[in-house]
Structures are given as C-alpha cells and as structure tokens.
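Colleague: Input file: data_30.cif. Contents: mmCIF, C-alpha atoms (C1' of nucleotides).
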```cif
data_final
#
loop_
_atom_site.label_atom_id
_atom_site.label_comp_id
_atom_site.auth_asym_id
_atom_site.auth_seq_id
_atom_site.Cartn_x
_atom_site.Cartn_y
_atom_site.Cartn_z
CA MET A 1 0.00 0.00 0.00
CA SER A 2 1.23 3.48 -0.84
CA GLU A 3 2.15 5.97 1.85
CA THR A 4 -0.72 8.28 0.93
CA LYS A 5 -3.24 5.44 1.05
CA ASP A 6 -2.03 4.55 4.53
CA LYS A 7 -2.37 8.15 5.68
CA ILE A 8 -5.88 8.36 4.25
CA VAL A 9 -7.04 5.28 6.14
CA ALA A 10 -5.37 6.39 9.38
CA LEU A 11 -6.95 9.83 9.25
CA ALA A 12 -10.34 8.47 8.17
CA ASP A 13 -10.25 6.01 11.06
CA ARG A 14 -9.76 8.89 13.46
CA LEU A 15 -12.53 10.91 11.76
CA VAL A 16 -15.00 8.03 12.00
CA ARG A 17 -14.31 7.72 15.71
CA THR A 18 -14.49 11.43 16.44
CA LYS A 19 -17.20 12.70 14.06
CA GLY A 20 -18.95 9.60 12.72
CA PHE A 21 -18.89 8.02 9.26
CA ASN A 22 -21.57 10.20 7.68
CA ALA A 23 -20.32 13.38 9.31
CA PHE A 24 -16.85 13.51 7.77
CA SER A 25 -16.17 14.31 4.14
CA TYR A 26 -13.34 13.70 1.68
CA LYS A 27 -12.41 17.34 2.23
CA ASP A 28 -11.63 16.55 5.87
CA ILE A 29 -9.06 14.12 4.50
CA SER A 30 -7.70 15.97 1.46
CA GLY A 31 -7.24 19.21 3.44
CA PRO A 32 -4.93 18.04 6.26
CA LEU A 33 -3.02 15.64 3.97
CA GLU A 34 -2.59 18.44 1.42
CA ILE A 35 -3.83 16.43 -1.52
CA LYS A 36 -6.85 16.96 -3.74
CA ASN A 37 -10.32 15.59 -3.24
CA ALA A 38 -9.90 13.44 -6.37
CA ALA A 39 -6.75 11.83 -4.96
CA VAL A 40 -8.83 10.30 -2.20
CA HIS A 41 -11.28 9.04 -4.81
CA TYR A 42 -8.35 7.54 -6.72
CA HIS A 43 -7.53 5.27 -3.79
CA PHE A 44 -11.13 4.76 -2.65
CA PRO A 45 -13.58 5.35 -5.50
CA ALA A 46 -16.59 5.39 -3.17
CA LYS A 47 -16.78 6.34 0.48
CA ALA A 48 -18.02 2.84 1.30
CA ASP A 49 -14.73 1.42 -0.06
CA LEU A 50 -12.88 3.56 2.45
CA GLY A 51 -15.28 2.47 5.19
CA VAL A 52 -14.76 -1.21 4.46
CA GLU A 53 -10.98 -0.73 4.54
CA ILE A 54 -11.16 1.02 7.92
CA VAL A 55 -13.21 -1.79 9.48
CA ASP A 56 -11.00 -4.42 7.85
CA GLN A 57 -7.85 -2.93 9.34
CA ASP A 58 -9.55 -2.70 12.72
CA ILE A 59 -10.47 -6.39 12.59
CA ALA A 60 -6.87 -7.24 11.69
CA LYS A 61 -5.56 -5.13 14.59
CA PHE A 62 -7.92 -6.84 17.04
CA ILE A 63 -6.80 -10.30 15.90
CA ALA A 64 -3.14 -9.31 16.14
CA GLN A 65 -3.57 -7.94 19.65
CA THR A 66 -5.56 -10.83 21.08
CA ASN A 67 -3.02 -13.25 19.63
CA LYS A 68 -0.29 -11.53 21.61
CA TRP A 69 -2.26 -12.09 24.83
CA LYS A 70 -2.91 -15.76 24.19
CA SER A 71 -0.59 -17.11 26.88
CA LEU A 72 -1.80 -14.71 29.61
CA PRO A 73 -4.31 -15.81 32.26
CA GLU A 74 -7.85 -14.90 31.25
CA GLU A 75 -8.39 -12.14 33.78
CA GLU A 76 -5.20 -10.49 32.50
CA GLN A 77 -6.52 -10.70 28.95
CA LEU A 78 -9.61 -8.83 30.11
CA VAL A 79 -7.43 -6.14 31.68
CA LYS A 80 -5.62 -5.83 28.35
CA LEU A 81 -8.94 -5.43 26.58
CA THR A 82 -10.03 -2.60 28.87
CA GLU A 83 -6.63 -0.98 28.36
CA VAL A 84 -7.29 -0.81 24.63
CA PHE A 85 -10.52 1.02 25.36
CA ARG A 86 -8.85 3.21 27.98
CA ARG A 87 -6.32 4.35 25.39
CA HIS A 88 -9.15 5.29 23.05
CA SER A 89 -10.89 7.08 25.88
CA LYS A 90 -7.82 9.21 26.55
CA GLU A 91 -7.59 10.25 22.91
CA GLY A 92 -11.28 11.19 22.83
CA ASN A 93 -11.92 8.39 20.35
CA ILE A 94 -14.90 6.12 20.57
CA CYS A 95 -14.72 2.54 19.37
CA LEU A 96 -15.61 1.78 15.77
CA MET A 97 -18.67 -0.23 16.76
CA GLY A 98 -19.99 2.60 18.91
CA SER A 99 -19.47 5.01 16.07
CA LEU A 100 -20.87 2.88 13.23
CA ALA A 101 -23.82 1.26 15.03
CA PRO A 102 -25.96 4.42 15.24
CA ASP A 103 -25.50 5.04 11.51
CA PHE A 104 -25.88 1.34 10.70
CA GLU A 105 -29.11 1.72 8.69
CA THR A 106 -27.53 4.37 6.48
CA LEU A 107 -24.48 2.25 5.59
CA GLU A 108 -24.03 0.36 2.32
CA PRO A 109 -24.65 -3.41 2.55
CA ALA A 110 -20.94 -4.17 2.11
CA MET A 111 -20.09 -1.98 5.09
CA GLN A 112 -22.95 -3.37 7.16
CA ALA A 113 -21.59 -6.85 6.59
CA LYS A 114 -18.08 -5.79 7.65
CA VAL A 115 -19.41 -4.21 10.84
CA GLN A 116 -21.31 -7.40 11.65
CA GLU A 117 -18.14 -9.41 10.99
CA MET A 118 -16.26 -7.22 13.45
CA ALA A 119 -18.99 -7.48 16.10
CA SER A 120 -19.25 -11.25 15.96
CA GLY A 121 -15.45 -11.60 15.97
CA ILE A 122 -15.04 -9.56 19.13
CA LEU A 123 -17.95 -11.33 20.78
CA ALA A 124 -16.62 -14.79 19.93
CA TRP A 125 -13.21 -13.95 21.38
CA LEU A 126 -14.63 -12.52 24.60
CA THR A 127 -17.07 -15.41 25.04
CA ARG A 128 -14.25 -17.95 24.83
CA CYS A 129 -12.07 -15.88 27.16
CA LEU A 130 -14.85 -15.79 29.77
CA GLU A 131 -15.65 -19.49 29.41
CA GLU A 132 -12.02 -20.53 29.80
CA GLY A 133 -11.57 -18.18 32.74
CA ARG A 134 -14.62 -19.54 34.52
CA LYS A 135 -13.53 -23.12 33.90
CA LYS A 136 -10.20 -22.34 35.60
CA LYS A 137 -12.05 -20.44 38.37
CA ARG A 138 -10.11 -17.29 37.61
CA ILE A 139 -13.21 -15.37 36.56
CA HIS A 140 -16.63 -15.43 38.21
CA PHE A 141 -19.98 -14.46 36.74
CA LYS A 142 -23.58 -15.58 36.55
CA GLY A 143 -25.43 -16.72 33.42
CA ALA A 144 -24.23 -17.68 29.95
CA ALA A 145 -20.73 -16.62 28.85
CA ASN A 146 -22.23 -15.38 25.61
CA THR A 147 -24.61 -13.02 27.40
CA ARG A 148 -21.93 -11.84 29.81
CA ALA A 149 -19.69 -11.11 26.83
CA LEU A 150 -22.49 -9.03 25.29
CA ILE A 151 -22.84 -7.09 28.54
CA ILE A 152 -19.13 -6.37 28.84
CA ILE A 153 -18.74 -5.32 25.22
CA SER A 154 -21.77 -3.08 25.35
CA ASN A 155 -20.48 -1.57 28.56
CA LEU A 156 -17.05 -0.74 27.22
CA GLN A 157 -18.56 0.62 24.05
CA ALA A 158 -21.14 2.80 25.77
CA SER A 159 -18.69 3.99 28.41
CA LEU A 160 -16.68 5.69 25.67
CA LEU A 161 -19.86 7.34 24.43
CA LEU A 162 -20.89 8.44 27.92
CA SER A 163 -17.40 9.78 28.59
CA ARG A 164 -17.92 12.23 25.75
CA VAL A 165 -20.99 13.62 27.42
CA MET A 166 -20.09 13.22 31.09
CA GLY A 167 -16.32 13.50 31.14
CA PRO A 168 -13.52 10.89 31.21
CA SER A 169 -14.16 9.77 34.78
CA ALA A 170 -17.25 7.88 33.54
CA PHE A 171 -15.04 5.47 31.62
CA ARG A 172 -12.66 4.93 34.51
CA HIS A 173 -15.41 4.12 36.99
CA ILE A 174 -17.21 1.73 34.66
CA ALA A 175 -14.06 -0.15 33.62
CA GLU A 176 -12.84 -0.59 37.19
CA GLN A 177 -16.18 -1.83 38.50
CA LEU A 178 -16.54 -4.23 35.55
CA LEU A 179 -13.18 -5.87 36.24
CA ASP A 180 -13.90 -5.96 39.95
CA ASP A 181 -17.24 -7.71 39.32
CA LEU A 182 -15.50 -10.47 37.38
CA ARG A 183 -12.62 -10.96 39.81
CA HIS A 184 -14.69 -11.66 42.91
CA LYS A 185 -17.47 -14.10 43.54
CA MET B 1 -47.97 24.42 20.06
CA SER B 2 -49.45 24.04 16.59
CA GLU B 3 -50.33 20.67 15.15
CA THR B 4 -47.66 20.96 12.48
CA LYS B 5 -44.99 21.84 15.02
CA ASP B 6 -45.91 18.75 17.04
CA LYS B 7 -45.71 16.56 13.95
CA ILE B 8 -42.31 17.97 13.05
CA VAL B 9 -40.86 17.21 16.48
CA ALA B 10 -42.38 13.71 16.56
CA LEU B 11 -41.00 12.83 13.13
CA ALA B 12 -37.63 14.44 13.85
CA ASP B 13 -37.39 12.46 17.10
CA ARG B 14 -37.87 9.26 15.15
CA LEU B 15 -35.34 10.36 12.51
CA VAL B 16 -32.70 11.15 15.13
CA ARG B 17 -33.13 7.70 16.64
CA THR B 18 -33.08 5.83 13.34
CA LYS B 19 -30.63 7.83 11.20
CA GLY B 20 -28.81 10.17 13.58
CA PHE B 21 -29.02 13.93 14.00
CA ASN B 22 -26.59 14.88 11.24
CA ALA B 23 -27.88 12.25 8.83
CA PHE B 24 -31.44 13.51 8.47
CA SER B 25 -32.38 16.65 6.61
CA TYR B 26 -35.32 19.05 6.62
CA LYS B 27 -36.44 17.34 3.42
CA ASP B 28 -36.94 14.10 5.39
CA ILE B 29 -39.45 16.07 7.43
CA SER B 30 -41.10 18.30 4.82
CA GLY B 31 -41.59 15.39 2.42
CA PRO B 32 -43.66 13.00 4.59
CA LEU B 33 -45.57 15.84 6.28
CA GLU B 34 -46.33 17.34 2.85
CA ILE B 35 -45.19 20.81 3.79
CA LYS B 36 -42.37 22.89 2.35
CA ASN B 37 -38.80 23.02 3.54
CA ALA B 38 -39.28 26.63 4.64
CA ALA B 39 -42.24 25.67 6.83
CA VAL B 40 -39.88 23.62 8.99
CA HIS B 41 -37.55 26.59 9.19
CA TYR B 42 -40.49 28.75 10.20
CA HIS B 43 -41.00 26.67 13.35
CA PHE B 44 -37.33 25.88 13.93
CA PRO B 45 -35.08 28.52 12.31
CA ALA B 46 -31.93 26.42 12.76
CA LYS B 47 -31.57 22.66 12.97
CA ALA B 48 -30.10 23.05 16.46
CA ASP B 49 -33.38 24.65 17.61
CA LEU B 50 -35.19 21.51 16.52
CA GLY B 51 -32.56 19.38 18.24
CA VAL B 52 -32.94 21.21 21.53
CA GLU B 53 -36.74 20.82 21.37
CA ILE B 54 -36.42 17.06 20.77
CA VAL B 55 -34.14 16.58 23.77
CA ASP B 56 -36.31 18.86 25.92
CA GLN B 57 -39.43 16.83 25.19
CA ASP B 58 -37.52 13.64 25.91
CA ILE B 59 -36.42 14.96 29.31
CA ALA B 60 -40.01 15.91 30.09
CA LYS B 61 -41.24 12.44 29.09
CA PHE B 62 -38.64 10.77 31.32
CA ILE B 63 -39.64 12.89 34.31
CA ALA B 64 -43.34 12.17 33.71
CA GLN B 65 -42.73 8.42 33.47
CA THR B 66 -40.51 8.10 36.53
CA ASN B 67 -43.02 10.12 38.57
CA LYS B 68 -45.70 7.56 37.74
CA TRP B 69 -43.48 4.79 39.14
CA LYS B 70 -42.69 6.62 42.38
CA SER B 71 -44.73 4.38 44.67
CA LEU B 72 -43.48 1.09 43.19
CA PRO B 73 -40.74 -0.95 44.89
CA GLU B 74 -37.32 -0.10 43.46
CA GLU B 75 -36.77 -3.36 41.61
CA GLU B 76 -40.12 -2.81 39.86
CA GLN B 77 -39.04 0.66 38.85
CA LEU B 78 -35.97 -0.87 37.23
CA VAL B 79 -38.16 -3.33 35.34
CA LYS B 80 -40.22 -0.37 34.12
CA LEU B 81 -37.05 1.33 32.94
CA THR B 82 -35.94 -1.68 30.91
CA GLU B 83 -39.44 -1.89 29.47
CA VAL B 84 -39.06 1.62 28.08
CA PHE B 85 -35.89 0.50 26.35
CA ARG B 86 -37.48 -2.76 25.22
CA ARG B 87 -40.23 -0.80 23.49
CA HIS B 88 -37.63 1.25 21.66
CA SER B 89 -35.78 -1.91 20.74
CA LYS B 90 -38.91 -3.38 19.17
CA GLU B 91 -39.46 -0.28 17.06
CA GLY B 92 -35.86 -0.31 15.84
CA ASN B 93 -35.22 2.96 17.66
CA ILE B 94 -32.13 3.63 19.67
CA CYS B 95 -32.21 5.90 22.69
CA LEU B 96 -31.53 9.59 22.22
CA MET B 97 -28.30 9.45 24.22
CA GLY B 98 -26.97 6.58 22.11
CA SER B 99 -27.83 8.47 18.99
CA LEU B 100 -26.52 11.90 20.00
CA ALA B 101 -23.37 10.89 21.90
CA PRO B 102 -21.38 9.76 18.82
CA ASP B 103 -22.13 13.06 17.09
CA PHE B 104 -21.62 15.03 20.29
CA GLU B 105 -18.56 16.96 19.06
CA THR B 106 -20.41 18.12 15.96
CA LEU B 107 -23.38 19.50 17.92
CA GLU B 108 -23.94 23.17 18.73
CA PRO B 109 -23.11 24.20 22.32
CA ALA B 110 -26.79 24.68 23.16
CA MET B 111 -27.56 21.12 22.08
CA GLN B 112 -24.51 19.73 23.86
CA ALA B 113 -25.72 21.33 27.07
CA LYS B 114 -29.19 19.83 26.66
CA VAL B 115 -27.76 16.36 26.06
CA GLN B 116 -25.65 16.70 29.21
CA GLU B 117 -28.74 17.81 31.12
CA MET B 118 -30.57 14.69 29.96
CA ALA B 119 -27.65 12.40 30.85
CA SER B 120 -27.20 13.73 34.36
CA GLY B 121 -30.95 13.66 34.96
CA ILE B 122 -31.28 9.99 34.05
CA LEU B 123 -28.17 9.14 36.04
CA ALA B 124 -29.38 10.98 39.13
CA TRP B 125 -32.74 9.19 39.06
CA LEU B 126 -31.16 5.76 38.62
CA THR B 127 -28.55 6.38 41.31
CA ARG B 128 -31.25 7.25 43.85
CA CYS B 129 -33.35 4.29 42.79
CA LEU B 130 -30.41 1.92 43.33
CA GLU B 131 -29.45 3.49 46.66
CA GLU B 132 -32.98 3.27 48.03
CA GLY B 133 -33.34 -0.28 46.77
CA ARG B 134 -30.12 -1.38 48.42
CA LYS B 135 -31.07 0.29 51.67
CA LYS B 136 -34.30 -1.73 51.69
CA LYS B 137 -32.38 -4.87 50.65
CA ARG B 138 -34.54 -5.25 47.58
CA ILE B 139 -31.61 -4.71 45.20
CA HIS B 140 -28.08 -6.09 45.52
CA PHE B 141 -24.91 -4.83 43.92
CA LYS B 142 -21.27 -4.11 44.67
CA GLY B 143 -19.58 -0.70 44.64
CA ALA B 144 -20.99 2.82 44.52
CA ALA B 145 -24.58 3.36 43.42
CA ASN B 146 -23.39 6.10 41.13
CA THR B 147 -21.00 3.77 39.29
CA ARG B 148 -23.58 0.99 39.14
CA ALA B 149 -26.05 3.45 37.63
CA LEU B 150 -23.49 4.38 34.99
CA ILE B 151 -23.00 0.70 34.15
CA ILE B 152 -26.71 0.00 33.84
CA ILE B 153 -27.40 3.08 31.71
CA SER B 154 -24.48 2.38 29.42
CA ASN B 155 -25.62 -1.22 29.11
CA LEU B 156 -29.17 -0.38 28.15
CA GLN B 157 -27.97 2.26 25.75
CA ALA B 158 -25.39 0.08 24.05
CA SER B 159 -27.68 -2.92 23.92
CA LEU B 160 -29.96 -0.98 21.60
CA LEU B 161 -26.97 -0.18 19.39
CA LEU B 162 -25.75 -3.76 19.40
CA SER B 163 -29.24 -5.00 18.58
CA ARG B 164 -29.05 -3.08 15.33
CA VAL B 165 -25.95 -4.95 14.32
CA MET B 166 -26.56 -8.33 15.93
CA GLY B 167 -30.33 -8.66 15.95
CA PRO B 168 -32.97 -8.03 18.63
CA SER B 169 -32.01 -11.03 20.77
CA ALA B 170 -28.95 -9.08 21.94
CA PHE B 171 -31.16 -6.61 23.78
CA ARG B 172 -33.32 -9.32 25.37
CA HIS B 173 -30.36 -11.25 26.72
CA ILE B 174 -28.62 -8.19 28.13
CA ALA B 175 -31.72 -6.76 29.80
CA GLU B 176 -32.66 -10.07 31.43
CA GLN B 177 -29.19 -10.71 32.78
CA LEU B 178 -28.92 -7.16 34.10
CA LEU B 179 -32.14 -7.46 36.11
CA ASP B 180 -31.15 -10.92 37.31
CA ASP B 181 -27.79 -9.59 38.53
CA LEU B 182 -29.52 -6.96 40.64
CA ARG B 183 -32.20 -9.23 42.06
CA HIS B 184 -29.90 -11.85 43.58
CA LYS B 185 -26.94 -11.48 45.91
"C1'" DT C 1 -63.14 47.87 8.74
"C1'" DT C 2 -58.45 48.13 9.18
"C1'" DG C 3 -54.27 46.30 11.03
"C1'" DT C 4 -51.69 42.62 12.72
"C1'" DT C 5 -50.27 38.09 13.72
"C1'" DT C 6 -49.98 33.15 12.40
"C1'" DA C 7 -48.71 29.73 9.44
"C1'" DC C 8 -47.35 28.91 5.89
"C1'" DT C 9 -45.51 28.88 0.18
"C1'" DT C 10 -42.62 30.38 -3.65
"C1'" DA C 11 -38.41 31.05 -5.15
"C1'" DC C 12 -34.15 31.62 -4.19
"C1'" DT C 13 -28.81 31.84 -2.24
"C1'" DA C 14 -24.63 30.03 -0.73
"C1'" DC C 15 -22.38 26.11 0.18
"C1'" DT C 16 -20.89 21.37 0.58
"C1'" DA C 17 -21.11 16.60 -0.69
"C1'" DA C 18 -19.70 12.52 -3.53
"C1'" DG C 19 -18.09 11.34 -7.69
"C1'" DT C 20 -15.87 11.65 -12.60
"C1'" DA C 21 -13.36 12.59 -17.02
"C1'" DA C 22 -9.32 13.97 -18.84
"C1'" DG C 23 -4.78 15.46 -18.44
"C1'" DT C 24 0.23 15.16 -16.47
"C1'" DA C 25 4.58 13.97 -14.31
"C1'" DT C 26 7.26 10.20 -12.73
"C1'" DA C 27 8.76 5.76 -12.38
"C1'" DT C 28 8.88 0.97 -14.16
"C1'" DT C 29 8.81 -2.53 -17.51
"C1'" DT C 30 9.63 -4.42 -22.23
"C1'" DA D 1 13.72 4.10 -26.64
"C1'" DA D 2 8.82 3.22 -26.45
"C1'" DA D 3 4.95 1.66 -23.88
"C1'" DT D 4 2.69 1.28 -19.76
"C1'" DA D 5 1.34 1.67 -15.05
"C1'" DT D 6 1.19 4.59 -10.85
"C1'" DA D 7 -0.18 8.41 -8.39
"C1'" DC D 8 -1.81 11.98 -8.67
"C1'" DT D 9 -4.08 17.26 -10.31
"C1'" DT D 10 -7.34 20.22 -12.79
"C1'" DA D 11 -11.66 21.15 -13.62
"C1'" DC D 12 -15.97 19.77 -13.60
"C1'" DT D 13 -21.04 17.70 -12.78
"C1'" DT D 14 -24.83 16.40 -10.09
"C1'" DA D 15 -27.28 16.43 -6.18
"C1'" DG D 16 -28.09 17.57 -1.91
"C1'" DT D 17 -27.85 20.80 2.44
"C1'" DA D 18 -29.18 24.64 5.71
"C1'" DG D 19 -31.03 28.77 5.55
"C1'" DT D 20 -33.53 33.25 3.86
"C1'" DA D 21 -36.30 37.06 1.71
"C1'" DA D 22 -40.55 38.15 0.12
"C1'" DG D 23 -45.19 37.18 -0.66
"C1'" DT D 24 -50.02 35.29 0.67
"C1'" DA D 25 -54.27 33.52 2.66
"C1'" DA D 26 -56.82 33.10 6.75
"C1'" DA D 27 -57.77 34.05 11.49
"C1'" DC D 28 -58.01 37.34 15.05
"C1'" DA D 29 -57.90 41.97 17.51
"C1'" DA D 30 -58.62 47.04 17.85
#
```
Here is a file; write its structure as structure tokens.
Modeller:
Amino acid sequence: MSETKDKIVALADRLVRTKGFNAFSYKDISGPLEIKNAAVHYHFPAKADLGVEIVDQDIAKFIAQTNKWKSLPEEEQLVKLTEVFRRHSKEGNICLMGSLAPDFETLEPAMQAKVQEMASGILAWLTRCLEEGRKKKRIHFKGAANTRALIIISNLQASLLLSRVMGPSAFRHIAEQLLDDLRHK
Amino acid sequence: MSETKDKIVALADRLVRTKGFNAFSYKDISGPLEIKNAAVHYHFPAKADLGVEIVDQDIAKFIAQTNKWKSLPEEEQLVKLTEVFRRHSKEGNICLMGSLAPDFETLEPAMQAKVQEMASGILAWLTRCLEEGRKKKRIHFKGAANTRALIIISNLQASLLLSRVMGPSAFRHIAEQLLDDLRHK
DNA sequence: TTGTTTACTTACTACTAAGTAAGTATATTT
DNA sequence: AAATATACTTACTTAGTAGTAAGTAAACAA
C-alpha cells in the first residue's frame, strides 16, 4: 500500500471515531493531507470502499492484539482489553462499533456486513475468554458466557460514548467496576 | 404548540433515533408531512433549535414516566425502565443518548448542554433508585450506586446499538441478565 | 373595517457533498 | 527508446444541504 493510502485510512479512522462516518467528508481528509479531493477518490472510489478498509484494518488489529495475549491468564486478557478502550478514551476516540452502530441503517450493505463481521469476531473472542476463565475459576460471573460477553462489550462501548458527554471519569469508573465484578465471587 | 410543530418534532425524534441527527435533513421532514422546507424553518429557524426541542421533550417524558413509578418498589421501577428501552428496541429505535453521543462533538453548544442535562438527569434518578433499593435490601450490587447506575445506563444504551448490528435477541439477553444480577446477591 | 399576527408557500442563495473525465509527471517494464 | 502503469491534479457535474427574503391567505384583535 502506498504511503498516501495509509495516511488516508489512518486519518479516516480517526474521523469516523471522532465525528462519525456520515459526518466527515473527503475534504476533511484531502485538506490536512494536502492532496486533492480526487486523490482520495483515486484510492477509494466510493466512500463505502474507504469504510470497508477502515473496518477491515480494525479487525486485523484486534486479531493481532488478542493473539499476543494468548498465553496470559484470562483475567489479564480482560485487563488488556479494557486498556485498549482506555487508550481510546484518553484520545477522545470512541470505538468503531460505537461510532458505526448508530448510523448502521444508512451504511451500504458491504459496510454493514463488515461491521457485523467485526462485532461477531469480538464477541466470539470474549465469550471464549470468559468461558475458559470460569472453567479455571479465575473469573466469576452468573449466566451464559455469551450473554456476559455481550454485557461487557456493550459496557465498554457505551462507556466511551458516555465519557464524551459526562467527562472521562465515567469510563474509569465503569471499567474498574466491571473488572472488579469479574474478579470476585 | 401548533399541530404541524408537534408533527415535526415527533418525526424528527424518530429520525434522530433511526438515522442520527446529522444524517437527516429538513427534506426528510417536509416530504412525509407534505409541507415545504421553509415551513420547517419557520418553526425551527436552525436545525439546532429543533434538536434542543427534541431533547427537551424527551427529558419531560422521562420525568413524567418516573413520577408515575414513584410508589413502586425499586426493583419494579428498574423493570419499568428496561421496558421503556425494550419498546424502543422493538421499534428499531435507539435511545436519544446513544444516537446523539457519537455526534456530540459536531453539535452546537446549546444542544450539547441539553444532552448533558438529559444524561445527568437519568443518572441521578437511577442512582437514587439503586441506593434506596439497596437500603431496603430489595436490590443487591457491589460498589458505589453512582458507578452501578453508569454501568446499567451504558448497558441499556449500548444494547440498543448492538441489537441493530446483531439482531434483537442481543437486547433481550442483556436486559434479562442485568435485572437478574440486581435481584440476587 | 383596518391592522396585525400566524402559518405557511414560492423562489431563491450560498455552500458542501460525492463522484468523474481527462490530463500530467514520474517511475517501471519491455 | 517506447509503452505502460502509478499516483496523482485540474476542472468539472450532479445532487443535496441549511437557511432566507418576500409574498399570501386566513384568522383574530382594535
């Protein structure tokens, strides 16, 4: 991939997380990168092509990260997961899911499918992490691992959203209590 | 308020929840209501004026609803709260907070303030509900009531978002587990 | 009856969006 | 050396956006 293409995706990723997919324009990209509007269209003919690429790279990043944590105990893997979100929180970013879900109905089918792929990937990983952790009695929770994974993901996602409105302490409190809930019986 | 003005706010409320505030236009309102674009501007000169009115009415609705539940035991009040969200889930709506938070940075200061007012209002109500419930040993949870309220709100909010992407069962599972967590020690 | 307010419509402006066709400079291959 | 591919720019179209100025018909008030 060319250098410019990389820069476009990186900046677009940030724009999606800060403004939303429908709220940023090719001008928001061509301006700061000092290229022309048409240059962005050269690399990504339609905006949906750019959107798919952003989600694709995010999926790849998630897989790469979770692979690095593979040998850690499950509760440590969960801490790592919240740290990823904490980093986003600090930068004022929200997670891709939290940003794309509200606009979901307005997205092209190809992008909708990519977002669903991302969601089910994250959920599958977290479900297995919780199941393994409970089996080893390192993590404690009630109900199905699948449901608990849904709760945790939705919590982390929404905490980034709430932090926007209520300040960064909202994220900190939620993340700490979530981990605490899972550590003790 | 005139009949037309009421219709505009009701339709705009639905549009915010389904498409997002920045993603709908005055044409989406004037078209279905069979009035002209300028008629919408007559009632709401700027889009932000319409946005403020939507949030204001939502705050008023929340206050009216919670007042009706005042005499119920706290755990019943929580059930009522999830029922409000369940109704939205069924209609494919997301909650106003979940819809406006991602676009928060792009909103006018007056709208930002209104959204913050709504958030702190909901949080204050839920915090008191949880505190009272715990005092009477009807509700059980660890940590500060304030933090627990944040977790529950963010869960309900995000579950509506996730339901968009993952289907309506996501909401059902999350809501049931949440109530179950609070009912038992 | 005249004046004024209400609730609009008509007809527009200024601007921004995504997207495209055709041209150009530079590097790479044949 | 000629042909081709890459990575753009220039200049444009089409279609939408929020917003406004001026006019109008009907209800109401003085």
Colleague: To test your reading of the syntax: which residues would the PyMOL selection byres ((chain A and resi 112-118) around 7) return for the file shown? Reply as a list in words.
Modeller: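 Expected selection for the PyMOL selection byres ((chain A and resi 112-118) around 7) here is Val52, Val55, Ile59, Phe104, Leu107, Glu108, Pro109, Ala110, Met111, Ala119, Ser120, Gly121 and Ile122 of chain A; Val165 and Met166 of chain B.
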Colleague: Can you work out the spacing between atom CA of B:Pro102 and atom CA of A:Ile8 in Å, to one decimal?
Modeller: 21.3 Å
Colleague: Assuming the chain letters and numbering stay as they are in my file, what does the PyMOL selection byres ((chain B) within 12 of (chain C)) actually select? List them as a PyMOL selection string.
Modeller: chain B and resi 1-5+34-43
Colleague: For chain D, which residues have at least one atom within 10 Å of chain B, if we go by only C-alpha atoms (C1' of nucleotides)? Write them as a PDB file with C-alpha atoms (C1' of nucleotides), in the coordinates of the input, please.
Modeller:
```
ATOM      1  C1'  DG D  16     -28.090  17.570  -1.910  1.00  0.00           C
ATOM      2  C1'  DT D  17     -27.850  20.800   2.440  1.00  0.00           C
ATOM      3  C1'  DA D  18     -29.180  24.640   5.710  1.00  0.00           C
ATOM      4  C1'  DG D  19     -31.030  28.770   5.550  1.00  0.00           C
ATOM      5  C1'  DT D  20     -33.530  33.250   3.860  1.00  0.00           C
TER       6       DT D  20
END
```
Colleague: Compile the contact shell of A:Gln157 as a list in words: residues with an atom at most 8 Å away, counting all atoms listed in the file, same-chain residues fewer than 6 positions apart removed.
Modeller: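 Skipping anything fewer than 6 positions along the chain leaves Ile94, Cys95, Met97 and Gly98 of chain A; Ala158 of chain B.
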